[in-house]
>>> print(open('target15.txt').read())   # compact mmCIF, C-alpha atoms
# COMPACT_ATOMS: atom_id res chain seq x y z
CA MET A 1 -11.91 -6.97 -11.11
CA GLY A 2 -9.27 -4.27 -11.22
CA LEU A 3 -6.11 -3.68 -9.21
CA THR A 4 -5.22 -5.65 -6.10
CA ILE A 5 -2.35 -5.53 -3.64
CA GLY A 6 -0.13 -8.49 -2.84
CA VAL A 7 1.76 -8.54 0.46
CA ASP A 8 4.98 -10.49 0.98
CA ILE A 9 6.03 -10.87 4.62
CA GLY A 10 9.79 -11.34 4.78
CA GLY A 11 12.17 -11.74 7.68
CA THR A 12 13.53 -8.21 7.36
CA LYS A 13 10.91 -6.36 5.33
CA ILE A 14 7.23 -6.43 4.42
CA ALA A 15 6.59 -5.55 0.80
CA ALA A 16 3.23 -4.61 -0.69
CA GLY A 17 2.75 -4.28 -4.44
CA VAL A 18 -0.09 -3.09 -6.66
CA VAL A 19 -0.68 -5.78 -9.29
CA ASP A 20 -2.88 -5.65 -12.38
CA GLU A 21 -4.86 -8.51 -13.90
CA GLU A 22 -1.95 -9.43 -16.20
CA GLY A 23 0.41 -9.94 -13.27
CA ASN A 24 2.32 -6.71 -13.72
CA ILE A 25 3.56 -4.96 -10.57
CA LEU A 26 2.71 -1.27 -10.92
CA SER A 27 4.17 0.04 -7.67
CA THR A 28 5.59 -1.25 -4.39
CA PHE A 29 5.96 -0.02 -0.84
CA LYS A 30 8.21 -1.58 1.79
CA VAL A 31 8.45 -1.30 5.58
CA PRO A 32 10.79 -3.05 8.05
CA THR A 33 9.46 -6.24 9.62
CA PRO A 34 8.81 -5.64 13.34
CA THR A 35 9.51 -8.22 16.01
CA THR A 36 6.11 -8.57 17.69
CA PRO A 37 3.00 -10.16 16.16
CA GLU A 38 0.70 -7.17 16.64
CA ALA A 39 3.31 -4.77 15.29
CA ILE A 40 3.59 -6.95 12.18
CA VAL A 41 -0.16 -6.54 11.60
CA ASP A 42 0.27 -2.77 11.88
CA ALA A 43 3.22 -2.91 9.47
CA ILE A 44 1.19 -4.90 6.92
CA ALA A 45 -1.54 -2.26 7.07
CA SER A 46 1.06 0.50 6.70
CA ALA A 47 2.61 -1.18 3.65
CA VAL A 48 -0.83 -1.60 2.07
CA GLU A 49 -1.66 2.05 2.67
CA GLY A 50 1.65 3.13 1.17
CA ALA A 51 1.21 0.98 -1.93
CA ARG A 52 -2.41 1.96 -2.60
CA ALA A 53 -1.68 5.70 -2.85
CA GLY A 54 -2.92 6.91 -6.23
CA HIS A 55 -4.57 3.60 -7.13
CA GLU A 56 -8.13 2.29 -6.98
CA ILE A 57 -7.71 -1.00 -5.09
CA VAL A 58 -10.38 -3.72 -4.89
CA GLY A 59 -8.68 -6.20 -2.55
CA VAL A 60 -5.58 -7.38 -0.74
CA GLY A 61 -3.89 -10.79 -0.72
CA ILE A 62 -1.40 -11.58 2.05
CA GLY A 63 1.16 -14.37 1.71
CA ALA A 64 1.89 -15.74 5.18
CA ALA A 65 4.48 -18.38 6.04
CA GLY A 66 2.38 -20.79 8.05
CA TYR A 67 -0.79 -22.86 8.15
CA VAL A 68 -3.75 -20.85 6.87
CA ASN A 69 -7.34 -22.02 7.23
CA ARG A 70 -9.49 -22.92 4.24
CA GLN A 71 -11.54 -19.76 4.65
CA ARG A 72 -8.36 -17.75 3.92
CA SER A 73 -8.78 -15.71 7.07
CA THR A 74 -6.84 -17.18 10.01
CA VAL A 75 -3.23 -18.26 10.44
CA TYR A 76 -3.44 -21.43 12.51
CA PHE A 77 0.30 -21.52 13.15
CA ALA A 78 3.33 -19.61 11.88
CA PRO A 79 6.81 -21.02 12.59
CA ASN A 80 8.66 -17.68 12.54
CA ILE A 81 5.99 -15.37 13.99
CA ASP A 82 4.16 -15.96 17.24
CA TRP A 83 0.80 -16.31 15.47
CA ARG A 84 -1.52 -18.98 16.87
CA ASN A 85 -5.06 -18.89 15.46
CA GLU A 86 -4.34 -15.33 14.39
CA PRO A 87 -7.40 -13.63 12.74
CA LEU A 88 -5.17 -11.83 10.26
CA LYS A 89 -7.87 -11.11 7.68
CA GLU A 90 -10.13 -9.44 10.23
CA LYS A 91 -7.35 -7.30 11.68
CA VAL A 92 -5.95 -6.04 8.38
CA GLN A 93 -9.43 -5.38 6.98
CA ALA A 94 -10.23 -3.29 10.04
CA ARG A 95 -7.08 -1.21 9.56
CA THR A 96 -7.33 -0.73 5.78
CA GLY A 97 -11.04 -0.88 4.97
CA LEU A 98 -10.24 -3.22 2.05
CA PRO A 99 -11.35 -6.83 1.44
CA VAL A 100 -8.49 -9.14 2.49
CA VAL A 101 -7.63 -12.79 1.87
CA VAL A 102 -4.77 -14.64 3.55
CA GLU A 103 -2.86 -17.34 1.69
CA ASN A 104 0.04 -19.57 2.57
CA ASP A 105 3.08 -17.90 1.03
CA ALA A 106 4.20 -20.99 -0.90
CA ASN A 107 0.68 -21.42 -2.28
CA ALA A 108 0.74 -17.78 -3.36
CA ALA A 109 4.10 -18.22 -5.12
CA ALA A 110 2.88 -21.40 -6.80
CA TRP A 111 -0.21 -19.63 -8.09
CA GLY A 112 1.88 -16.74 -9.39
CA GLU A 113 4.10 -19.12 -11.35
CA TYR A 114 1.14 -21.12 -12.64
CA LYS A 115 -0.80 -18.07 -13.80
CA PHE A 116 1.94 -15.73 -15.02
CA GLY A 117 5.24 -17.62 -15.07
CA ALA A 118 6.60 -21.05 -15.92
CA GLY A 119 3.22 -22.76 -15.49
CA LYS A 120 1.39 -20.86 -18.24
CA GLY A 121 -0.33 -23.35 -20.53
CA HIS A 122 -0.48 -26.12 -17.91
CA ARG A 123 -3.59 -27.31 -16.09
CA ASN A 124 -1.86 -29.58 -13.57
CA VAL A 125 1.39 -28.48 -11.97
CA ILE A 126 3.21 -29.03 -8.70
CA CYS A 127 5.46 -26.25 -7.50
CA ILE A 128 8.26 -26.69 -5.01
CA THR A 129 10.37 -23.91 -3.55
CA LEU A 130 13.94 -24.82 -2.70
CA GLY A 131 15.10 -22.06 -0.41
CA THR A 132 16.21 -22.01 3.18
CA GLY A 133 13.49 -24.62 3.67
CA LEU A 134 11.22 -26.45 1.24
CA GLY A 135 7.65 -25.45 0.40
CA GLY A 136 5.23 -25.90 -2.43
CA GLY A 137 1.80 -25.67 -3.97
CA ILE A 138 -0.64 -27.88 -5.87
CA ILE A 139 -2.61 -26.76 -8.90
CA ILE A 140 -4.87 -29.47 -10.33
CA GLY A 141 -7.49 -28.74 -12.97
CA ASN A 142 -6.57 -25.04 -12.90
CA LYS A 143 -7.48 -24.86 -9.20
CA LEU A 144 -5.22 -24.24 -6.22
CA ARG A 145 -5.74 -27.24 -3.96
CA ARG A 146 -5.55 -26.26 -0.31
CA GLY A 147 -7.04 -29.42 1.21
CA HIS A 148 -10.05 -29.75 3.49
CA PHE A 149 -8.55 -27.69 6.31
CA GLY A 150 -6.48 -25.40 4.09
CA VAL A 151 -3.04 -26.72 5.00
CA ALA A 152 -2.18 -29.02 2.08
CA ALA A 153 1.15 -28.98 0.21
CA GLU A 154 3.44 -28.70 3.22
CA PHE A 155 5.89 -30.76 1.21
CA GLY A 156 8.90 -29.84 3.30
CA HIS A 157 7.51 -31.81 6.20
CA ILE A 158 6.88 -35.08 4.42
CA ARG A 159 8.94 -37.60 6.38
CA MET A 160 11.53 -38.93 3.97
CA VAL A 161 13.71 -40.70 6.55
CA PRO A 162 12.12 -42.45 9.55
CA ASP A 163 13.87 -41.22 12.71
CA GLY A 164 16.06 -39.02 10.52
CA LEU A 165 17.45 -35.55 11.14
CA LEU A 166 15.60 -33.35 13.61
CA CYS A 167 13.55 -30.66 11.86
CA GLY A 168 12.62 -27.24 13.16
CA CYS A 169 8.97 -28.37 13.09
CA GLY A 170 9.75 -30.87 15.85
CA SER A 171 9.57 -33.97 13.67
CA GLN A 172 12.44 -36.06 12.30
CA GLY A 173 13.48 -36.89 8.76
CA CYS A 174 11.51 -34.15 7.00
CA TRP A 175 12.20 -33.66 3.30
CA GLU A 176 13.52 -30.11 3.80
CA GLN A 177 16.30 -31.46 6.01
CA TYR A 178 17.68 -33.19 2.91
CA ALA A 179 16.67 -30.90 0.03
CA SER A 180 17.01 -27.21 0.91
CA GLY A 181 19.54 -24.43 1.19
CA ARG A 182 20.32 -25.43 4.75
CA ALA A 183 20.89 -29.01 3.66
CA LEU A 184 23.23 -27.93 0.85
CA VAL A 185 25.42 -25.95 3.26
CA ARG A 186 25.46 -28.88 5.69
CA TYR A 187 26.56 -31.28 2.95
CA ALA A 188 29.36 -28.95 1.88
CA LYS A 189 30.64 -28.38 5.41
CA GLN A 190 30.66 -32.11 6.18
CA ARG A 191 32.49 -32.99 2.99
CA ALA A 192 34.98 -30.14 3.29
CA ASN A 193 35.74 -31.20 6.85
CA ALA A 194 36.26 -34.84 5.84
CA THR A 195 38.30 -34.19 2.67
CA PRO A 196 39.61 -30.61 2.67
CA GLU A 197 42.00 -31.43 -0.18
CA ARG A 198 38.94 -31.85 -2.46
CA ALA A 199 37.50 -28.49 -1.40
CA GLU A 200 40.36 -26.10 -2.05
CA THR A 201 38.35 -23.71 -4.23
CA LEU A 202 35.34 -23.84 -1.95
CA LEU A 203 37.36 -23.16 1.19
CA SER A 204 39.26 -20.31 -0.46
CA LEU A 205 36.00 -18.43 -1.06
CA GLY A 206 35.21 -18.26 2.65
CA ASP A 207 37.46 -17.91 5.65
CA GLY A 208 39.42 -21.06 4.83
CA THR A 209 37.49 -23.29 7.25
CA PRO A 210 34.45 -25.53 6.71
CA ASP A 211 32.49 -23.46 9.22
CA GLY A 212 32.94 -20.40 7.00
CA ILE A 213 31.20 -21.97 4.00
CA GLU A 214 28.03 -20.18 2.83
CA GLY A 215 25.54 -21.00 0.11
CA LYS A 216 26.96 -18.44 -2.31
CA HIS A 217 30.42 -20.02 -1.96
CA ILE A 218 29.07 -23.45 -2.94
CA SER A 219 27.48 -22.07 -6.10
CA MET A 220 30.65 -20.22 -7.14
CA ALA A 221 32.88 -23.19 -6.38
CA ALA A 222 30.62 -25.68 -8.21
CA ARG A 223 30.79 -23.55 -11.34
CA GLN A 224 34.58 -23.77 -11.10
CA GLY A 225 34.41 -27.54 -10.79
CA ASP A 226 35.22 -27.86 -7.09
CA PRO A 227 34.57 -31.57 -6.32
CA VAL A 228 33.03 -31.02 -2.89
CA ALA A 229 30.72 -28.29 -4.14
CA VAL A 230 29.60 -30.39 -7.10
CA ASP A 231 29.04 -33.44 -4.88
CA SER A 232 26.99 -31.33 -2.47
CA TYR A 233 24.66 -30.24 -5.24
CA ARG A 234 24.34 -33.83 -6.39
CA GLU A 235 23.37 -34.96 -2.90
CA LEU A 236 20.73 -32.28 -2.63
CA ALA A 237 19.45 -33.17 -6.11
CA ARG A 238 19.28 -36.87 -5.21
CA TRP A 239 16.84 -36.11 -2.40
CA ALA A 240 14.91 -33.48 -4.36
CA GLY A 241 14.41 -35.79 -7.32
CA ALA A 242 13.36 -38.69 -5.13
CA GLY A 243 10.71 -36.48 -3.55
CA LEU A 244 9.41 -35.37 -6.94
CA ALA A 245 9.04 -39.02 -7.94
CA ASP A 246 6.85 -39.58 -4.89
CA LEU A 247 4.77 -36.51 -5.73
CA ALA A 248 4.37 -37.76 -9.30
CA SER A 249 2.88 -40.97 -7.93
CA LEU A 250 0.37 -38.91 -5.96
CA PHE A 251 -0.59 -36.15 -8.40
CA ASP A 252 0.68 -37.06 -11.90
CA PRO A 253 1.25 -33.42 -12.98
CA SER A 254 2.35 -32.31 -16.43
CA ALA A 255 5.15 -30.23 -14.90
CA PHE A 256 7.10 -29.63 -11.73
CA ILE A 257 8.07 -25.99 -11.30
CA VAL A 258 11.14 -25.53 -9.12
CA GLY A 259 11.45 -22.12 -7.49
CA GLY A 260 13.22 -20.63 -4.50
CA GLY A 261 16.75 -19.35 -4.25
CA LEU A 262 18.37 -22.60 -5.36
CA SER A 263 16.47 -22.54 -8.66
CA ASP A 264 18.44 -19.41 -9.56
CA GLU A 265 21.36 -21.74 -10.24
CA GLY A 266 19.56 -23.10 -13.29
CA ASP A 267 20.83 -26.35 -14.78
CA LEU A 268 23.54 -26.63 -12.13
CA VAL A 269 20.79 -27.85 -9.82
CA LEU A 270 17.98 -28.74 -12.23
CA ASP A 271 19.87 -31.25 -14.39
CA PRO A 272 20.83 -33.52 -11.47
CA ILE A 273 17.29 -33.17 -10.06
CA ARG A 274 15.88 -34.35 -13.40
CA LYS A 275 18.22 -37.34 -13.41
CA SER A 276 17.30 -38.28 -9.85
CA TYR A 277 13.59 -37.84 -10.58
CA LYS A 278 13.83 -40.25 -13.52
CA ARG A 279 15.92 -42.66 -11.45
CA TRP A 280 13.28 -42.94 -8.72
CA LEU A 281 10.09 -42.62 -10.78
CA VAL A 282 8.31 -45.95 -10.92
CA GLY A 283 8.01 -47.14 -14.54
CA ALA A 284 9.99 -44.17 -15.82
CA ASN A 285 10.90 -45.91 -19.08
CA TRP A 286 7.30 -46.80 -19.85
CA ARG A 287 5.23 -43.78 -18.88
CA PRO A 288 5.01 -40.08 -19.74
CA MET A 289 7.15 -37.95 -17.46
CA ALA A 290 6.41 -34.50 -16.13
CA ASP A 291 8.81 -31.76 -17.15
CA VAL A 292 11.01 -30.32 -14.41
CA ILE A 293 11.32 -26.61 -15.15
CA ALA A 294 12.69 -23.52 -13.45
CA ALA A 295 10.39 -20.90 -12.00
CA GLN A 296 10.40 -17.59 -13.89
CA LEU A 297 9.12 -14.92 -11.51
CA GLY A 298 11.82 -15.12 -8.85
CA ASN A 299 11.02 -13.32 -5.61
CA LYS A 300 8.04 -11.58 -7.27
CA ALA A 301 6.01 -14.79 -7.44
CA GLY A 302 4.57 -14.56 -3.92
CA MET A 303 3.46 -10.95 -4.26
CA VAL A 304 1.95 -11.47 -7.71
CA GLY A 305 0.25 -14.71 -6.69
CA ALA A 306 -1.19 -13.30 -3.47
CA ALA A 307 -2.57 -10.29 -5.33
CA ASP A 308 -4.19 -12.47 -7.99
CA LEU A 309 -5.67 -14.86 -5.44
CA ALA A 310 -7.43 -11.87 -3.89
CA ARG A 311 -9.53 -11.89 -7.08
CA GLU A 312 -10.37 -15.60 -6.80
CA PRO A 313 -13.77 -16.63 -5.42
CA ASP A 314 -13.92 -17.95 -1.87
CA PRO A 315 -12.84 -21.62 -2.20
CA VAL A 316 -15.22 -22.68 0.57
CA MET A 317 -18.31 -21.52 -1.33
>>> encode(input="target15.txt", output="structure tokens")
Amino acid sequence: MGLTIGVDIGGTKIAAGVVDEEGNILSTFKVPTPTTPEAIVDAIASAVEGARAGHEIVGVGIGAAGYVNRQRSTVYFAPNIDWRNEPLKEKVQARTGLPVVVENDANAAAWGEYKFGAGKGHRNVICITLGTGLGGGIIIGNKLRRGHFGVAAEFGHIRMVPDGLLCGCGSQGCWEQYASGRALVRYAKQRANATPERAETLLSLGDGTPDGIEGKHISMAARQGDPVAVDSYRELARWAGAGLADLASLFDPSAFIVGGGLSDEGDLVLDPIRKSYKRWLVGANWRPMADVIAAQLGNKAGMVGAADLAREPDPVM
């Protein structure tokens, strides 16, 4: 079908990239992320126009953090942008004159990994993104499964703990409250506060207090063997692996692809996740087990996936 543009809407910048049919990014254009919903639409259009210069573009895919309808046109709800039943496809098409599809950003990243990254060669994969929160995507039979209304795979808001920790979504006990970047920092701060003598390396990397601990400090300290940092990763992995075991019972994939910022730590986080997954998987000693593998595309996955999904037929047809 030719070249398409993938749009990644971030908290500080909106990036648009021209992507070919092999998943290669040929050029990018970035603009700051505005603060108002309508200004964000204008910024998306501006980024698309900047990226398309000198290229023959056949479509645009936008990765939006929120609930997107099955028709890939409207954002029902976005947690970080005041979009409520926002007709994003219609607005961006009107500004650019190009065909537009809107995808959930985690779905877009999952598709990018499936098509061009760690999922190549698999027909059935589940992707989870361990970042500030927890997202994911479902590919079964080589198809992205959005659900009847388009809002499937909101894994981060599966309730893992009845009446558990309050989540930003308004519910309690959501999976992302126990397996995410925010959760990792919370575990480290709690442990460092309770037993500071076990967190000497970790505390020395910040301002010397538990409140000064950041995610990057936990990674550095864990690699130096700091007990609190290592224990914090193990706690996160315990919850992540338990969730994967539940997803295996539902979908029985051949592989779980773990992306997001935490996956950059490689086996530091993946090995304990694999152990926890096996621990909680029903019949683990008597059944085939899905591989748990690291994502390969990094922060390019969403842009590449959104661009490629712009080439996919309308899933409603």
>>> residues_around(input="target15.txt", residues="A:Ser249", least_positions_apart="5", cutoff="9 Å", atoms="all atoms listed in the file", output="list in words")
Leu244, Leu281 and Val282 of chain A
>>> closest_atom_pairs(input="target15.txt", of="stretch 215-254 of chain A", to="stretch 146-157 of chain A", cutoff="12 Å", atoms="only C-alpha atoms", output="CSV")
residue,atom,partner,partner_atom,distance
A:Trp239,CA,A:Gly156,CA,11.6
A:Ala240,CA,A:Gly156,CA,10.4
A:Gly243,CA,A:Phe155,CA,8.9
A:Leu244,CA,A:Phe155,CA,10.0
A:Asp246,CA,A:Phe155,CA,10.8
A:Leu247,CA,A:Phe155,CA,9.1
A:Leu250,CA,A:Ala153,CA,11.7
A:Phe251,CA,A:Ala153,CA,11.3
>>> closest_residue(input="target15.txt", among="A:Thr96, A:Ser171, A:Thr12, A:Asn104", to="A:Tyr67", atoms="only C-alpha atoms")
A:Asn104
>>> residues_around(input="target15.txt", residues="stretch 191-206 of chain A", least_positions_apart="6", cutoff="8 Å", atoms="all atoms listed in the file", output="mmCIF file with C-alpha atoms, in the frame of the given file")
data_model
loop_
_atom_site.group_PDB
_atom_site.id
_atom_site.type_symbol
_atom_site.label_atom_id
_atom_site.label_comp_id
_atom_site.auth_asym_id
_atom_site.auth_seq_id
_atom_site.Cartn_x
_atom_site.Cartn_y
_atom_site.Cartn_z
ATOM 1 C CA GLY A 212 32.940 -20.400 7.000
ATOM 2 C CA ILE A 213 31.200 -21.970 4.000
ATOM 3 C CA GLU A 214 28.030 -20.180 2.830
ATOM 4 C CA HIS A 217 30.420 -20.020 -1.960
ATOM 5 C CA ILE A 218 29.070 -23.450 -2.940
ATOM 6 C CA MET A 220 30.650 -20.220 -7.140
ATOM 7 C CA ALA A 221 32.880 -23.190 -6.380
ATOM 8 C CA GLN A 224 34.580 -23.770 -11.100
ATOM 9 C CA ASP A 226 35.220 -27.860 -7.090
ATOM 10 C CA PRO A 227 34.570 -31.570 -6.320
ATOM 11 C CA VAL A 228 33.030 -31.020 -2.890
ATOM 12 C CA ALA A 229 30.720 -28.290 -4.140
ATOM 13 C CA SER A 232 26.990 -31.330 -2.470
#
>>> closest_residue(input="target15.txt", among="A:Ala306, A:Val101, A:Val161, A:Val58", to="A:Gly173", atoms="only C-alpha atoms")
A:Val161
>>> residues_around(input="target15.txt", residues="A:Lys300", least_positions_apart="4", cutoff="10 Å", atoms="all atoms listed in the file", output="ChimeraX atom specification")
/A:6,8,17,23-25,109,112-113,296,304-305
>>> residues_around(input="target15.txt", residues="A:Ala290", least_positions_apart="3", cutoff="9 Å", atoms="only C-alpha atoms", output="ChimeraX atom specification")
/A:125,248,252-256
>>> closest_residue(input="target15.txt", among="A:Ala53, A:Leu165, A:Ala106, A:Ile14", to="A:Leu144", atoms="only C-alpha atoms")
A:Ala106
>>> residues_around(input="target15.txt", residues="A:Ala108", least_positions_apart="3", cutoff="9 Å", atoms="all atoms listed in the file", output="PyMOL selection string")
chain A and resi 61-64+103-105+111-113+137+301-309
>>> closest_residue(input="target15.txt", among="A:Asp291, A:Glu21, A:Asp42, A:Glu235", to="A:Val258", atoms="all atoms listed in the file")
A:Asp291
>>> axis_aligned_box(input="target15.txt", around="stretch 235-246 of chain A", padding_each_side="8 Å", output="AutoDock Vina command-line options")
--center_x 15.1 --center_y -35.9 --center_z -5.2 --size_x 32.5 --size_y 23.3 --size_z 21.5
>>> atom_distance(input="target15.txt", atom1="atom CA of A:Ala242", atom2="atom CA of A:Gly259")
16.8 Å
>>> atom_distance(input="target15.txt", atom1="atom CA of A:Gln172", atom2="atom CA of A:Ala245")
20.7 Å
>>> atom_distance(input="target15.txt", atom1="atom CA of A:Ile257", atom2="atom CA of A:Arg311")
22.9 Å
